[in-house]
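Peer 1: Below is protein_19.txt; it holds compact mmCIF, C-alpha atoms.
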```txt
# COMPACT_ATOMS: atom_id res chain seq x y z
CA MET R 1 158.56 108.26 103.10
CA ALA R 2 160.81 107.58 106.07
CA ILE R 3 164.31 109.01 105.81
CA ALA R 4 167.20 108.30 108.11
CA ALA R 5 169.45 111.19 109.09
CA GLY R 6 172.09 112.00 106.45
CA SER R 7 169.97 110.81 103.53
CA THR R 8 169.13 114.21 102.00
CA THR R 9 171.45 113.70 99.02
CA ARG R 10 169.97 110.30 98.30
CA LEU R 11 166.48 111.76 98.58
CA TRP R 12 167.13 114.39 95.92
CA THR R 13 168.77 111.78 93.72
CA LEU R 14 165.61 109.73 94.06
CA VAL R 15 163.44 112.77 93.26
CA ALA R 16 165.41 113.30 90.04
CA LYS R 17 165.11 109.62 89.09
CA GLU R 18 161.40 109.62 89.84
CA PHE R 19 160.84 112.75 87.74
CA TRP R 20 162.59 111.17 84.77
CA ARG R 21 160.81 107.83 85.30
CA LYS R 22 157.39 109.50 85.38
CA THR R 23 158.26 111.46 82.24
CA ARG R 24 159.07 108.22 80.42
CA ARG R 25 155.88 106.67 81.77
CA ARG R 26 153.77 109.57 80.47
CA LEU R 27 155.39 109.18 77.07
CA ARG R 28 154.59 105.46 77.02
CA ALA R 29 150.96 106.22 77.90
CA GLY R 30 150.71 108.92 75.23
CA PRO R 31 149.48 108.74 71.63
CA LEU R 32 152.95 108.11 70.20
CA TYR R 33 153.14 104.75 71.98
CA ARG R 34 149.52 103.60 71.99
CA TRP R 35 149.77 101.90 68.62
CA ARG R 36 152.20 99.46 70.25
CA TYR R 37 149.46 98.17 72.53
CA SER R 38 147.33 96.92 69.64
CA GLY R 39 147.95 93.52 68.15
CA ARG R 40 146.65 90.01 67.87
CA THR R 41 143.65 89.04 70.00
CA PRO R 42 143.95 85.69 71.84
CA GLU R 43 141.37 83.09 70.83
CA ARG R 44 140.54 81.91 74.34
CA VAL R 45 141.55 81.75 77.98
CA LEU R 46 143.38 78.48 78.56
CA ILE R 47 143.01 78.38 82.33
CA ALA R 48 141.48 80.51 85.08
CA PRO R 49 144.01 80.71 87.93
CA PRO R 50 142.68 80.21 91.48
CA ASP R 51 142.02 83.14 93.84
CA LEU R 52 142.77 82.64 97.55
CA ARG R 53 141.20 85.89 98.72
CA LEU R 54 138.08 85.70 100.86
CA ALA R 55 134.80 86.11 99.00
CA ASP R 56 131.31 87.00 100.21
CA PRO R 57 128.21 86.39 98.04
CA GLN R 58 126.37 89.07 100.02
CA ILE R 59 128.73 91.69 98.57
CA ALA R 60 127.81 90.46 95.08
CA LEU R 61 124.18 91.20 95.95
CA GLU R 62 125.08 94.66 97.25
CA ILE R 63 126.89 95.41 94.00
CA TYR R 64 123.90 94.23 91.98
CA TYR R 65 121.76 96.81 93.77
CA GLY R 66 124.30 99.56 93.06
CA ARG R 67 126.01 99.65 96.45
CA TYR R 68 129.78 99.26 96.33
CA PRO R 69 131.46 98.53 99.71
CA LEU R 70 135.08 98.94 98.62
CA SER R 71 138.14 100.06 100.60
CA GLY R 72 136.09 100.68 103.72
CA HIS R 73 133.66 103.05 101.98
CA MET R 74 130.12 102.44 100.72
CA VAL R 75 129.19 104.26 97.52
CA GLU R 76 125.70 104.11 96.00
CA THR R 77 125.62 104.69 92.25
CA GLY R 78 121.92 105.49 91.91
CA GLY R 79 121.49 103.26 88.87
CA LYS R 80 124.54 104.62 87.03
CA SER R 81 127.64 102.69 86.11
CA PRO R 82 130.26 103.01 88.88
CA PHE R 83 132.77 103.91 86.16
CA GLN R 84 130.80 107.04 85.25
CA ILE R 85 130.54 108.68 88.66
CA ALA R 86 133.09 110.89 90.39
CA VAL R 87 134.05 109.59 93.83
CA PRO R 88 136.58 111.74 95.74
CA ASN R 89 138.25 108.74 97.33
CA PRO R 90 141.40 107.47 95.57
CA GLY R 91 141.43 104.18 97.50
CA TRP R 92 137.84 103.40 96.48
CA GLN R 93 138.59 104.25 92.85
CA LYS R 94 141.69 102.06 92.73
CA THR R 95 139.81 99.15 94.25
CA LEU R 96 136.95 99.60 91.79
CA HIS R 97 139.27 99.60 88.77
CA GLY R 98 141.30 96.71 90.20
CA PHE R 99 138.28 94.36 89.85
CA ARG R 100 139.25 92.09 92.73
CA TRP R 101 135.59 92.30 93.79
CA LEU R 102 134.78 89.90 90.94
CA ARG R 103 135.53 87.11 93.41
CA HIS R 104 132.29 87.91 95.21
CA MET R 105 130.37 87.23 91.97
CA ARG R 106 132.16 83.90 91.70
CA ALA R 107 131.19 83.08 95.29
CA ALA R 108 127.55 83.90 94.55
CA GLY R 109 127.56 81.25 91.83
CA THR R 110 124.37 82.48 90.15
CA GLU R 111 123.53 83.43 86.58
CA LEU R 112 122.49 86.85 87.85
CA ALA R 113 125.91 87.45 89.43
CA ALA R 114 127.68 86.30 86.25
CA ALA R 115 125.52 88.59 84.11
CA ASN R 116 126.25 91.52 86.41
CA ALA R 117 129.99 90.79 86.31
CA ARG R 118 129.84 90.70 82.52
CA ALA R 119 127.89 93.97 82.37
CA LEU R 120 130.37 95.76 84.63
CA VAL R 121 133.38 94.52 82.67
CA SER R 122 131.64 95.63 79.47
CA ASP R 123 131.05 99.08 81.00
CA TRP R 124 134.73 99.39 81.87
CA ILE R 125 135.79 98.42 78.34
CA ASP R 126 133.39 100.94 76.78
CA ILE R 127 134.34 103.81 79.11
CA HIS R 128 138.03 103.24 79.87
CA GLY R 129 139.21 100.51 77.53
CA SER R 130 140.73 102.81 74.90
CA ASN R 131 141.42 105.87 77.06
CA ILE R 132 144.80 105.21 78.67
CA ALA R 133 144.65 107.78 81.44
CA GLY R 134 143.85 108.31 85.10
CA VAL R 135 143.45 105.90 87.98
CA ALA R 136 142.08 103.16 85.74
CA TRP R 137 145.39 102.82 83.93
CA GLU R 138 147.84 103.27 86.76
CA PRO R 139 150.24 100.31 86.32
CA GLY R 140 149.63 98.95 89.83
CA THR R 141 145.87 99.02 89.28
CA THR R 142 146.23 97.52 85.82
CA ALA R 143 148.24 94.62 87.26
CA LYS R 144 145.48 93.86 89.77
CA ARG R 145 142.85 94.05 87.02
CA VAL R 146 144.73 91.71 84.68
CA ILE R 147 145.07 89.13 87.46
CA ALA R 148 141.40 89.50 88.48
CA TRP R 149 140.10 89.21 84.92
CA LEU R 150 142.13 86.05 84.38
CA GLN R 151 141.19 84.51 87.73
CA HIS R 152 137.49 85.15 87.23
CA SER R 153 137.26 84.82 83.46
CA SER R 154 135.02 81.77 83.82
CA VAL R 155 132.44 83.91 85.64
CA VAL R 156 132.76 86.93 83.34
CA LEU R 157 132.49 84.79 80.20
CA GLN R 158 129.69 82.56 81.49
CA GLY R 159 126.87 82.84 78.96
CA ALA R 160 128.72 85.52 76.98
CA GLU R 161 127.96 86.05 73.32
CA PHE R 162 130.78 86.11 70.79
CA PRO R 163 131.11 89.93 70.44
CA PHE R 164 131.67 90.36 74.18
CA TYR R 165 133.97 87.34 74.29
CA ARG R 166 136.20 88.94 71.64
CA ALA R 167 136.01 92.41 73.22
CA PHE R 168 137.06 90.96 76.58
CA LEU R 169 140.07 89.15 75.14
CA LYS R 170 141.04 92.14 72.99
CA SER R 171 140.99 94.48 76.00
CA LEU R 172 142.86 91.98 78.15
CA ALA R 173 145.58 91.62 75.51
CA MET R 174 145.91 95.40 75.24
CA GLN R 175 146.28 95.76 79.00
CA ILE R 176 148.94 93.06 79.06
CA ARG R 177 150.97 94.79 76.34
CA TYR R 178 150.62 98.09 78.19
CA LEU R 179 151.70 96.52 81.47
CA ARG R 180 154.68 94.84 79.81
CA ALA R 181 155.84 98.24 78.53
CA MET R 182 155.18 100.00 81.84
CA ALA R 183 156.70 97.41 84.19
CA ARG R 184 160.24 98.56 83.51
CA GLU R 185 159.26 102.17 84.32
CA MET R 186 157.55 101.37 87.62
CA PRO R 187 159.28 102.36 90.86
CA ASN R 188 160.76 99.68 93.08
CA GLY R 189 158.18 98.06 95.34
CA LYS R 190 155.23 95.71 95.53
CA ASP R 191 153.38 97.21 92.53
CA ARG R 192 156.28 96.40 90.22
CA LEU R 193 156.48 92.89 91.65
CA ARG R 194 152.74 92.47 91.15
CA ALA R 195 153.10 93.61 87.55
CA ARG R 196 155.64 90.84 86.97
CA ILE R 197 153.27 88.37 88.64
CA ALA R 198 150.42 89.52 86.38
CA LEU R 199 152.54 89.07 83.26
CA ALA R 200 153.50 85.55 84.37
CA PHE R 201 149.81 84.74 84.93
CA ALA R 202 149.04 86.06 81.44
CA ALA R 203 151.77 84.00 79.78
CA LEU R 204 150.39 80.86 81.45
CA SER R 205 146.67 81.58 81.00
CA LEU R 206 146.55 82.78 77.38
CA PRO R 207 147.92 81.25 74.17
CA ALA R 208 151.45 82.60 73.87
CA PRO R 209 154.78 81.51 72.39
CA ALA R 210 157.20 79.72 74.67
CA SER R 211 159.51 82.73 74.54
CA ALA R 212 156.83 84.89 76.20
CA LEU R 213 156.58 82.51 79.14
CA ARG R 214 160.36 82.29 79.44
CA GLY R 215 160.67 86.07 79.46
CA ALA R 216 157.87 86.55 81.99
CA THR R 217 159.34 83.85 84.22
CA ARG R 218 162.83 85.34 84.06
CA ASN R 219 161.60 88.86 84.87
CA LEU R 220 159.52 87.53 87.75
CA ALA R 221 162.49 85.63 89.17
CA ASP R 222 164.70 88.72 88.97
CA GLU R 223 162.09 90.85 90.76
CA LEU R 224 161.57 88.26 93.50
CA ASP R 225 165.31 88.12 94.10
CA ARG R 226 165.38 91.91 94.43
CA GLN R 227 162.38 92.34 96.71
CA ILE R 228 162.08 89.21 98.89
CA LEU R 229 164.79 89.15 101.54
CA PRO R 230 166.69 86.00 102.60
CA ASP R 231 164.59 85.75 105.80
CA GLY R 232 161.32 85.98 103.82
CA GLY R 233 160.44 89.57 104.59
CA HIS R 234 159.73 92.20 101.96
CA VAL R 235 162.27 94.93 101.29
CA SER R 236 159.73 97.53 102.52
CA ARG R 237 159.72 95.83 105.98
CA ASN R 238 155.89 95.91 105.94
CA PRO R 239 154.31 92.68 107.31
CA ILE R 240 151.10 93.12 105.30
CA THR R 241 153.08 93.13 102.06
CA VAL R 242 154.24 89.59 102.80
CA LEU R 243 150.60 88.52 103.09
CA GLU R 244 149.51 90.38 99.95
CA ILE R 245 152.30 89.00 97.78
CA LEU R 246 151.75 85.44 99.03
CA ALA R 247 148.08 85.75 98.03
CA ASP R 248 149.33 86.16 94.44
CA LEU R 249 152.37 83.86 94.47
CA LEU R 250 150.57 80.78 95.79
CA PRO R 251 147.96 80.77 92.97
CA LEU R 252 150.75 81.47 90.48
CA ARG R 253 152.65 78.42 91.70
CA GLN R 254 149.49 76.35 91.27
CA THR R 255 148.97 77.73 87.77
CA TYR R 256 152.48 76.68 86.74
CA ALA R 257 151.66 73.17 88.00
CA ASN R 258 148.25 73.09 86.29
CA GLN R 259 149.90 73.99 82.98
CA ALA R 260 152.62 71.35 83.48
CA GLU R 261 155.28 74.06 83.56
CA THR R 262 158.19 74.17 85.98
CA PRO R 263 157.95 77.21 88.27
CA PRO R 264 161.17 79.19 88.65
CA ALA R 265 163.36 78.35 91.61
CA ALA R 266 163.07 81.98 92.74
CA LEU R 267 159.29 81.60 93.04
CA MET R 268 159.50 78.38 95.03
CA GLY R 269 162.24 79.78 97.25
CA ALA R 270 160.36 83.02 97.88
CA ILE R 271 157.22 81.16 98.98
CA ASP R 272 159.23 78.83 101.21
CA ARG R 273 160.80 81.84 102.94
CA MET R 274 157.72 84.06 103.09
CA LEU R 275 155.36 81.59 104.78
CA PRO R 276 157.59 81.27 107.89
CA ALA R 277 158.09 85.05 107.79
CA LEU R 278 154.32 85.56 107.91
CA ARG R 279 154.15 83.32 110.97
CA PHE R 280 157.05 85.27 112.48
CA PHE R 281 154.94 88.46 112.55
CA ARG R 282 151.88 86.69 113.96
CA HIS R 283 150.78 86.95 117.59
CA GLN R 284 149.06 83.96 119.19
CA ASP R 285 145.62 85.49 118.58
CA GLY R 286 146.37 85.47 114.84
CA SER R 287 146.97 89.20 114.33
CA LEU R 288 150.09 90.61 112.70
CA ALA R 289 152.40 92.99 114.54
CA ARG R 290 151.76 96.64 113.68
CA PHE R 291 155.01 97.77 112.10
CA ASN R 292 155.81 99.84 109.01
CA GLY R 293 152.38 100.16 107.43
CA MET R 294 150.51 97.33 109.15
CA GLY R 295 147.08 98.03 110.63
CA ALA R 296 144.21 95.86 111.79
CA THR R 297 144.35 92.18 110.83
CA ILE R 298 141.64 90.23 109.02
CA HIS R 299 142.35 86.88 110.66
CA ASN R 300 140.66 84.68 108.06
CA ARG R 301 142.92 86.06 105.35
CA ILE R 302 146.02 84.90 107.20
CA ALA R 303 144.53 81.51 108.04
CA THR R 304 143.71 80.95 104.36
CA ILE R 305 147.30 81.64 103.32
CA LEU R 306 148.88 79.63 106.15
CA ARG R 307 146.98 76.51 105.10
CA HIS R 308 149.65 76.26 102.42
CA ASP R 309 152.51 76.33 104.94
CA ASP R 310 154.03 72.86 105.15
CA THR R 311 156.93 73.85 107.39
CA ALA R 312 154.98 73.47 110.69
CA GLY R 313 156.91 73.87 113.92
CA ALA R 314 157.52 77.09 115.84
CA PRO R 315 157.94 80.43 114.01
CA LEU R 316 161.39 81.82 113.36
CA LEU R 317 162.88 83.87 116.18
CA HIS R 318 165.25 86.02 114.11
CA ALA R 319 164.63 88.02 110.94
CA PRO R 320 167.96 89.86 110.64
CA HIS R 321 167.54 90.95 107.02
CA SER R 322 164.07 92.39 107.68
CA GLY R 323 165.27 93.91 110.95
CA TYR R 324 163.00 92.19 113.49
CA GLU R 325 163.40 89.87 116.47
CA ARG R 326 160.91 87.62 118.23
CA LEU R 327 160.79 86.17 121.75
CA SER R 328 158.30 83.48 122.67
CA MET R 329 157.89 81.43 125.82
CA GLY R 330 154.76 79.78 127.06
CA GLY R 331 151.90 82.01 126.04
CA VAL R 332 153.96 85.22 125.89
CA THR R 333 155.17 86.71 122.60
CA VAL R 334 157.37 89.77 122.02
CA ILE R 335 158.07 91.09 118.51
CA ALA R 336 160.55 93.96 118.18
CA ASP R 337 161.71 96.29 115.40
CA THR R 338 165.51 96.26 115.53
CA GLY R 339 166.30 97.49 112.03
CA PRO R 340 166.92 100.77 110.21
CA PRO R 341 164.34 102.34 107.87
CA PRO R 342 163.94 100.50 104.56
CA PRO R 343 165.62 101.85 101.42
CA ILE R 344 164.29 105.27 100.46
CA ASP R 345 162.59 104.11 97.26
CA VAL R 346 160.37 101.63 99.16
CA SER R 347 159.81 103.64 102.34
CA ASN R 348 156.65 105.58 101.41
CA ALA R 349 154.68 103.66 104.06
CA ALA R 350 157.53 103.08 106.55
CA HIS R 351 157.30 104.12 110.20
CA ALA R 352 159.79 105.76 112.54
CA GLY R 353 159.47 102.90 115.01
CA CYS R 354 163.10 102.23 115.89
CA LEU R 355 163.30 99.65 118.73
CA ALA R 356 159.51 99.54 119.13
CA PHE R 357 158.02 96.28 120.35
CA GLU R 358 154.69 94.55 120.90
CA LEU R 359 153.91 92.14 123.73
CA SER R 360 151.00 89.73 123.91
CA SER R 361 149.96 86.83 126.11
CA GLY R 362 147.56 84.36 124.61
CA ARG R 363 144.80 86.36 122.96
CA ARG R 364 145.50 89.55 124.92
CA HIS R 365 147.75 92.38 123.77
CA TYR R 366 149.46 94.34 126.53
CA VAL R 367 151.92 96.49 124.57
CA THR R 368 151.19 97.52 120.99
CA ASN R 369 151.95 100.12 118.37
CA ALA R 370 149.17 102.33 117.05
CA GLY R 371 149.26 100.88 113.56
CA VAL R 372 147.68 102.38 110.45
CA ASP R 373 143.96 102.78 109.82
CA THR R 374 143.98 101.08 106.43
CA TYR R 375 140.85 102.84 105.19
CA GLY R 376 141.18 106.01 107.23
CA ALA R 377 141.79 109.55 106.04
CA ALA R 378 145.21 110.07 104.47
CA GLU R 379 145.94 113.13 106.61
CA PHE R 380 146.05 110.95 109.74
CA ARG R 381 148.67 108.53 108.41
CA PRO R 382 151.67 110.70 109.34
CA LEU R 383 150.51 110.52 112.96
CA ALA R 384 150.58 106.72 112.90
CA ARG R 385 154.04 106.74 111.33
CA ALA R 386 155.63 108.98 113.95
CA THR R 387 157.79 107.52 116.72
CA ALA R 388 155.28 108.71 119.33
CA ALA R 389 152.73 106.23 117.93
CA HIS R 390 155.02 103.32 118.80
CA SER R 391 155.98 101.53 122.00
CA THR R 392 159.50 102.90 122.11
CA ALA R 393 161.38 105.86 123.54
CA THR R 394 160.80 109.29 122.00
CA ILE R 395 163.41 111.97 122.66
CA ASN R 396 162.32 115.61 122.66
CA ASP R 397 159.09 114.66 120.85
CA THR R 398 161.16 113.97 117.72
CA SER R 399 160.74 110.95 115.44
CA SER R 400 163.69 108.65 114.80
CA ALA R 401 163.35 109.27 111.05
CA ARG R 402 162.38 112.25 108.94
CA PHE R 403 159.47 112.09 106.51
CA SER R 404 159.25 113.48 103.00
CA HIS R 405 155.76 114.28 101.76
CA SER R 406 156.85 115.13 98.23
CA LEU R 407 154.35 113.99 95.61
CA ARG R 408 157.31 113.36 93.32
CA VAL R 409 158.39 110.36 95.35
CA ASN R 410 155.11 109.13 96.85
```
As structure tokens, what does this structure read like?
Peer 2:
Amino acid sequence: MAIAAGSTTRLWTLVAKEFWRKTRRRLRAGPLYRWRYSGRTPERVLIAPPDLRLADPQIALEIYYGRYPLSGHMVETGGKSPFQIAVPNPGWQKTLHGFRWLRHMRAAGTELAAANARALVSDWIDIHGSNIAGVAWEPGTTAKRVIAWLQHSSVVLQGAEFPFYRAFLKSLAMQIRYLRAMAREMPNGKDRLRARIALAFAALSLPAPASALRGATRNLADELDRQILPDGGHVSRNPITVLEILADLLPLRQTYANQAETPPAALMGAIDRMLPALRFFRHQDGSLARFNGMGATIHNRIATILRHDDTAGAPLLHAPHSGYERLSMGGVTVIADTGPPPPIDVSNAAHAGCLAFELSSGRRHYVTNAGVDTYGAAEFRPLARATAAHSTATINDTSSARFSHSLRVN
């Protein structure tokens, strides 16, 4: 967490709020509340929303043979269910329980891949479906899983017998009720926004009363207004967050259209602002500038998202609300960080890169920031966040912001 000078009082206020929020969250996950997550089981999935994330059928084959290349780490299960083994890598575990890897089964397009997807979902339901605890039920992970199960329900349910079909829908409904209760207790940031996106997907994709869709749409609109800045950046000032949120918002917009529902103006406005913002952070070689949590760029991911950008023309040159400026002439591009640290409650990945800049010409980068190793060891992240890891002045080997490493706020 990056902290500007003079913010100690606000930090301790945040610590107190986070302590109370986590206490309420533990209560909602405890036995006194669990009965609220049971209820009616939907009869069917009305629509499987699209997924814009890149998919590789070869990864589906690796998973079939018990090799799971997730979050930059390969884990071999030795014939066991991946949900039964202990892996001392939180990122790998979160990715496993988030189920976004189901897209690789869809890309494979074979009966074998569909059967394997169904078996793995069944394993998760048997092992974690009724035990609301641990990484599997962290609200941010649950939001990803709800979206993934809906998006790839056609693959998971392909050839399924009735008992599994009902178990799948029953578990999905339980997770949605849990996420609806937890969303209000989640800290500010992209996970809470993704939870609202997941609940909107659910209201569109499953049989639900009109009031459920209205409520999900209203909550989503409120969260978008809070987190997406007028210039299209995210309140955390992290360029990769713009890309990640667009990868969910664009399919959600399409799902509203497919269900003949009017998407909220906040959703349409956020997309219209975020697409130019994504291009703002992009060098001519396609990579995103390394500021405030950004690391290496997977170019195809950006190209896939920008296919939906109808604005054309040159990127914006000013992002005053996000705190960035851009210069571009001929083949030369300069992108500079001219803003203060983001608000404390969304600064857990922020960098002390005041007045840092990157300079590129064509496909060559001449001045860059270090950036974050997305899948690297957590102990090295503070080094990438320090001012010394940025192309800016460092005075007396001191960062321009102080960092809190309290587990209460991270």
Peer 1: Smallest atom-to-atom distance to R:Phe403: which of R:Thr142, R:Asn348, R:Ser391, R:Ser81, using all atoms listed in the file?
Peer 2: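 Ranking R:Thr142, R:Asn348, R:Ser391, R:Ser81 by distance to R:Phe403, first place goes to R:Asn348.
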Peer 1: Write out as a list of chain:residue names each polymer residue whose atoms come within 8 Å of stretch 61-76 of chain R, counting only C-alpha atoms; drop sequence neighbours fewer than 4 positions from it.
Peer 2: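 My reading of the contact set: R:Pro57, R:Lys80, R:Gly91, R:Trp92, R:Thr95, R:Leu96, R:Ala113, R:Asn116, R:Tyr375.
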Peer 1: How many Å separate atom CA of R:Leu288 from atom CA of R:His234?
Peer 2: 14.5 Å
Peer 1: Using only C-alpha atoms, which of the listed residues (R:Thr304, R:Thr398, R:Thr141, R:Thr387) sits closest to R:Leu275?
Peer 2: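 With only C-alpha atoms as the atom set, the closest residue is R:Thr304.
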Peer 1: If I take atom CA of R:His97 and atom CA of R:Val235, how far is one from the other in Å, to one decimal?
Peer 2: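 For atom CA of R:His97 relative to atom CA of R:Val235, the distance reads 26.6 Å.
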Peer 1: Considering all atoms listed in the file, return as a list in words whatever protein or nucleic-acid residues lie within 8 Å of R:Leu246, sequence-local ones (same chain, fewer than 2 positions apart) excluded.
Peer 2: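 Contacts, in chain order: Val242, Leu243, Glu244, Asp248, Leu249, Leu250, Ile271, Met274, Leu275 and Ile305 of chain R.
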Peer 1: Using only C-alpha atoms, which protein or nucleic acid residues come within 12 Å of R:Val367? Drop anything in the same chain fewer than 3 positions from it, and give the result as number ranges by chain.
Peer 2: R: 283, 289-290, 332-336, 356-361, 364, 370, 389-392
Peer 1: Name the closest residue to R:Ala148 among the candidates R:Leu229, R:Ala108, R:Ala48, R:Ala200; distances are taken between atoms, counting all atoms listed in the file.
Peer 2: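 Of all the options, R:Ala48 lies closest to R:Ala148.
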Peer 1: Could you pull the residues within 10 Å of R:Ala202, counting only C-alpha atoms, minus those fewer than 2 positions along the same chain, as a list in words?
Peer 2: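 So the residues in contact are Val45, Leu46, Ile47, Pro49, Val146, Ile147, Leu150, Leu172, Ala173, Ile176, Arg196, Ile197, Ala198, Leu199, Ala200, Leu204, Ser205, Leu206, Pro207, Ala208, Ala212, Leu213 and Ala216 of chain R.
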Peer 1: What does the structure give for the distance between atom CA of R:Gly140 and atom CA of R:Ala221, in Å to one decimal?
Peer 2: 18.5 Å
Peer 1: So, with all atoms listed in the file as the atoms that count, which of R:Ala203, R:Ala303, R:Ala107, R:Ile298 lies closest to R:Val155?
Peer 2: R:Ala107
Peer 1: Which stretch 317-362 of chain R residues have any atom within 10 Å of an atom of stretch 237-240 of chain R, and for each, what is the nearest pair of atoms with distance in Å to one decimal, counting only C-alpha atoms, rows sorted by chain and number, as a tab-separated table?
Peer 2:
```
residue	atom	partner	partner_atom	distance
R:His321	CA	R:Arg237	CA	9.3
R:Ser322	CA	R:Arg237	CA	5.8
R:Gly323	CA	R:Arg237	CA	7.7
R:Tyr324	CA	R:Arg237	CA	9.0
R:Asp337	CA	R:Arg237	CA	9.6
R:Gly339	CA	R:Arg237	CA	9.1
R:Pro340	CA	R:Arg237	CA	9.7
R:Pro341	CA	R:Arg237	CA	8.2
R:Pro342	CA	R:Arg237	CA	6.5
R:Pro343	CA	R:Arg237	CA	9.6
R:Val346	CA	R:Arg237	CA	9.0
R:Ser347	CA	R:Arg237	CA	8.6
R:Ala349	CA	R:Asn238	CA	8.1
R:Ala350	CA	R:Asn238	CA	7.4
R:His351	CA	R:Asn238	CA	9.4
```
Peer 1: Which is closest to R:Trp101 among R:Arg273, R:Arg381, R:Arg44, R:Arg53, if we use only C-alpha atoms?
Peer 2: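 Smallest distance to R:Trp101 is found for R:Arg53.
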Peer 1: Which residue is closest to R:Glu261? Choose from R:Ile302, R:Ala277, R:Ile125, R:Ala210 and count only C-alpha atoms.
Peer 2: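 Using only C-alpha atoms, R:Glu261 sits closest to R:Ala210.
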Peer 1: Find the residues near R:Arg118: any atom within 7 Å, counting only C-alpha atoms, skip ones fewer than 3 places away on the same chain, and give them as a list of chain:residue names.
Peer 2: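 The contact residues come out as R:Ala114, R:Ala115, R:Val121, R:Ser122, R:Val156, R:Leu157.
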Peer 1: How big is the axis-aligned box, and where does its centre sit, when it encloses all atoms of stretch 133-150 of chain R listed in the file and has 5 Å added on every side, reported in Å to one decimal as lines of an AutoDock Vina configuration file?
Peer 2:
```
center_x = 145.2
center_y = 97.2
center_z = 85.6
size_x = 20.1
size_y = 32.3
size_z = 18.4
```
